[in-house]
Amino acid sequence: MSPRLRRFIGDMILVLSVLPATSFAVHAGTLEVSVADPDGVPVPDVAVYVMEDGVDNGGRKPPGRAVMDQRNKQFVPHILVVRKGTAVDFPNSDPVAHHVYSFSRPNDFVLPLYKGDPNDPVTFKYDGIVTLGCNIHDQMLGYIVVVDTDVFGKTGSDGTLQLDVDDGATGYAVKIWSPRIRDADDRLSRNVQRGSDMSVTFRLEKNLRPPFDPGTDSVQWSEY
């Protein structure tokens with residue numbers, strides 16, 4: 001090998017060694033989702049998830065773990081969004097015992113009366129909405145939204161959410177869910193094509209259900 005070639009290879013190794021790791025990662029774009037009620041008022045705490053077309057999901061990281069706590073006789077957070085296959089811990093941070101359950105098949109489960117954190121996590125193997133309750137405290141209500149994608153989150157106080165999406169996708173199916181939304185399911189999904197305006201606004205047609213308030217009788221558990 002000539003000295004010139006050796007110097008060239010050495011320079012290339014040096015350049016590659018100082019490049020950031022993100023230089024070899026899949027480039028991600030940003031998709032902004034907004035949700036507003038019929039009056040244009042932003043709607044917070046709406047679950048948002050995106051199905052990416054034309055993306056090989058075989059290289060996704062294994063599902064992790066999440067926490068659905070119990071504090072002040074409530075599930076915290078009220079709505080938790082997780083990827084399918086995620087193991088969810090249900091610690092009881094209250095001084096009283098809880099008996100957590102869900103009848104939402106096929107993700108139904110029961111955690112008999114307990115305090116603290118004695119139970120193994122519950123792994124949610126199927127996508128869908130899981131409604132949570134407590135067999136001791138009827139006012140307790142919570143939701144786990146199980147999705148088959150890595151791209152998800154919840155809208156903030158301004159009713160918006162920004163998500164990183166794969167630029168290599170041919171398109172994106174954006175879906176939203178909240179127990180307060182009354183609109184038909186076909187209005188809660190939008191398709192976005194690659195290279196188009198990467199923002200979606202959901203303007204709801206029907207008035208929202210009131211926020212869940214366990215301290216009043218204005219909204220009953222059965223309404224959700």
# chains A, B, ... in the order shown; residues from 1 in each chain; ligands from 1
>>> residues_around(residues="range 70-84 of chain A", least_positions_apart="4", cutoff="8 Å", atoms="only C-alpha atoms", output="list in words")
Asp45, Ala47, Pro63, Ala66, Phe90, Pro91, Asn92, Ser93, Asp94, Phe124, Lys125, Tyr126, Asp127, His137, Gln139, Met140, Leu141, Gly142, Tyr143, Ile144, Val145, Val146, Val147, Asp148, Thr149, Asp150, Phe152, Gly153 and Lys154 of chain A
>>> residues_around(residues="range 95-109 of chain A", least_positions_apart="5", cutoff="6 Å", atoms="only C-alpha atoms", output="list in words")
Tyr114, Lys115, Val130, Thr131, Leu132, Gly133, Cys134 and Asn135 of chain A
>>> closest_residue(among="A:Arg60, A:Arg180, A:Arg209, A:Arg65", to="Val46 in chain A", atoms="only C-alpha atoms")
A:Arg180
>>> residues_around(residues="Asp120 in chain A", least_positions_apart="3", cutoff="12 Å", atoms="only C-alpha atoms", output="NGL selection string")
:A and (65 or 67 or 87-91 or 110-111 or 116-117 or 123)
>>> write_last_selection(atoms="C-alpha atoms", output="PDB file, in the first residue's frame")
ATOM      1  CA  ARG A  65     -42.395  -0.565  30.432  1.00  0.00           C
ATOM      2  CA  VAL A  67     -46.581   3.033  34.804  1.00  0.00           C
ATOM      3  CA  ALA A  87     -45.522  -4.152  30.272  1.00  0.00           C
ATOM      4  CA  VAL A  88     -47.423  -1.735  32.531  1.00  0.00           C
ATOM      5  CA  ASP A  89     -46.851  -1.494  36.283  1.00  0.00           C
ATOM      6  CA  PHE A  90     -49.821  -0.645  38.524  1.00  0.00           C
ATOM      7  CA  PRO A  91     -48.327   0.659  41.794  1.00  0.00           C
ATOM      8  CA  VAL A 110     -57.582  -8.498  37.476  1.00  0.00           C
ATOM      9  CA  LEU A 111     -55.210  -7.370  40.236  1.00  0.00           C
ATOM     10  CA  GLY A 116     -47.935  -0.860  47.443  1.00  0.00           C
ATOM     11  CA  ASP A 117     -46.530  -2.631  44.384  1.00  0.00           C
ATOM     12  CA  THR A 123     -48.352  -6.962  29.414  1.00  0.00           C
TER      13      THR A 123
END
>>> atom_distance(atom1="CA of Val50 in chain A", atom2="CA of Ala173 in chain A")
5.5 Å
>>> closest_residue(among="A:Asn119, A:Ser189, A:Ser199, A:Thr86", to="Val165 in chain A", atoms="only C-alpha atoms")
A:Ser199
>>> atom_distance(atom1="CA of Leu188 in chain A", atom2="CA of Gly85 in chain A")
23.9 Å
>>> select_by_dssp(residues="range 15-223 of chain A", states="helix (DSSP H, G or I)", output="PyMOL selection string")
chain A and resi 15-18+21-24+57-59+185-187+221-223
>>> write_last_selection(atoms="C-alpha atoms", output="PDB file, in the first residue's frame")
ATOM      1  CA  VAL A  15     -13.658  11.759   9.661  1.00  0.00           C
ATOM      2  CA  LEU A  16     -15.951   8.798  10.342  1.00  0.00           C
ATOM      3  CA  SER A  17     -14.910   8.667  13.998  1.00  0.00           C
ATOM      4  CA  VAL A  18     -15.994  12.250  14.675  1.00  0.00           C
ATOM      5  CA  ALA A  21     -24.172   8.812  15.458  1.00  0.00           C
ATOM      6  CA  THR A  22     -27.317  10.486  14.098  1.00  0.00           C
ATOM      7  CA  SER A  23     -25.597  10.777  10.722  1.00  0.00           C
ATOM      8  CA  PHE A  24     -26.315   7.079  10.204  1.00  0.00           C
ATOM      9  CA  ASN A  57     -41.140  -2.335  11.414  1.00  0.00           C
ATOM     10  CA  GLY A  58     -38.971  -5.417  11.885  1.00  0.00           C
ATOM     11  CA  GLY A  59     -36.149  -3.327  13.302  1.00  0.00           C
ATOM     12  CA  ASP A 185     -64.866   6.775  14.232  1.00  0.00           C
ATOM     13  CA  ASP A 186     -64.494   7.619  10.541  1.00  0.00           C
ATOM     14  CA  ARG A 187     -63.900  11.266  11.479  1.00  0.00           C
ATOM     15  CA  TRP A 221     -68.657   6.128  35.234  1.00  0.00           C
ATOM     16  CA  SER A 222     -71.111   4.363  32.927  1.00  0.00           C
ATOM     17  CA  GLU A 223     -71.110   7.308  30.495  1.00  0.00           C
TER      18      GLU A 223
END
>>> atom_distance(atom1="CA of Lys206 in chain A", atom2="CA of Gly40 in chain A")
11.7 Å
>>> closest_residue(among="A:Ser34, A:Leu204, A:Asp69, A:Ser196", to="Ala184 in chain A", atoms="only C-alpha atoms")
A:Leu204
>>> residues_around(residues="Thr160 in chain A", least_positions_apart="5", cutoff="8 Å", atoms="only C-alpha atoms", output="ChimeraX atom specification")
/A:32-35,42,44,155
>>> decode(residues="range 56-96 of chain A", atoms="C-alpha atoms", output="PDB file, in the first residue's frame")
ATOM      1  CA  ASP A  56     -40.251  -2.014   7.744  1.00  0.00           C
ATOM      2  CA  ASN A  57     -41.140  -2.335  11.414  1.00  0.00           C
ATOM      3  CA  GLY A  58     -38.971  -5.417  11.885  1.00  0.00           C
ATOM      4  CA  GLY A  59     -36.149  -3.327  13.302  1.00  0.00           C
ATOM      5  CA  ARG A  60     -38.191  -1.626  15.997  1.00  0.00           C
ATOM      6  CA  LYS A  61     -36.886  -1.656  19.532  1.00  0.00           C
ATOM      7  CA  PRO A  62     -38.558  -4.110  21.925  1.00  0.00           C
ATOM      8  CA  PRO A  63     -41.505  -2.654  23.858  1.00  0.00           C
ATOM      9  CA  GLY A  64     -40.514  -1.123  27.176  1.00  0.00           C
ATOM     10  CA  ARG A  65     -42.395  -0.565  30.432  1.00  0.00           C
ATOM     11  CA  ALA A  66     -44.848   2.071  31.555  1.00  0.00           C
ATOM     12  CA  VAL A  67     -46.581   3.033  34.804  1.00  0.00           C
ATOM     13  CA  MET A  68     -50.247   3.568  35.635  1.00  0.00           C
ATOM     14  CA  ASP A  69     -50.206   4.840  39.214  1.00  0.00           C
ATOM     15  CA  GLN A  70     -53.011   5.131  41.741  1.00  0.00           C
ATOM     16  CA  ARG A  71     -53.034   8.345  43.756  1.00  0.00           C
ATOM     17  CA  ASN A  72     -55.830  10.075  45.659  1.00  0.00           C
ATOM     18  CA  LYS A  73     -58.143   7.247  44.592  1.00  0.00           C
ATOM     19  CA  GLN A  74     -57.560   7.992  40.910  1.00  0.00           C
ATOM     20  CA  PHE A  75     -55.603   6.446  38.078  1.00  0.00           C
ATOM     21  CA  VAL A  76     -52.645   8.628  37.117  1.00  0.00           C
ATOM     22  CA  PRO A  77     -52.445   9.434  34.277  1.00  0.00           C
ATOM     23  CA  HIS A  78     -56.124   9.342  33.367  1.00  0.00           C
ATOM     24  CA  ILE A  79     -55.128   8.269  29.829  1.00  0.00           C
ATOM     25  CA  LEU A  80     -51.940   6.314  29.128  1.00  0.00           C
ATOM     26  CA  VAL A  81     -50.806   5.540  25.566  1.00  0.00           C
ATOM     27  CA  VAL A  82     -48.485   2.546  25.084  1.00  0.00           C
ATOM     28  CA  ARG A  83     -47.201   0.396  22.274  1.00  0.00           C
ATOM     29  CA  LYS A  84     -48.557  -3.123  21.903  1.00  0.00           C
ATOM     30  CA  GLY A  85     -46.463  -5.537  23.961  1.00  0.00           C
ATOM     31  CA  THR A  86     -45.628  -2.971  26.652  1.00  0.00           C
ATOM     32  CA  ALA A  87     -45.522  -4.152  30.272  1.00  0.00           C
ATOM     33  CA  VAL A  88     -47.423  -1.735  32.531  1.00  0.00           C
ATOM     34  CA  ASP A  89     -46.851  -1.494  36.283  1.00  0.00           C
ATOM     35  CA  PHE A  90     -49.821  -0.645  38.524  1.00  0.00           C
ATOM     36  CA  PRO A  91     -48.327   0.659  41.794  1.00  0.00           C
ATOM     37  CA  ASN A  92     -50.746   1.732  44.506  1.00  0.00           C
ATOM     38  CA  SER A  93     -49.420   4.951  46.029  1.00  0.00           C
ATOM     39  CA  ASP A  94     -52.526   5.405  48.199  1.00  0.00           C
ATOM     40  CA  PRO A  95     -52.728   4.449  51.889  1.00  0.00           C
ATOM     41  CA  VAL A  96     -55.836   2.384  51.097  1.00  0.00           C
TER      42      VAL A  96
END
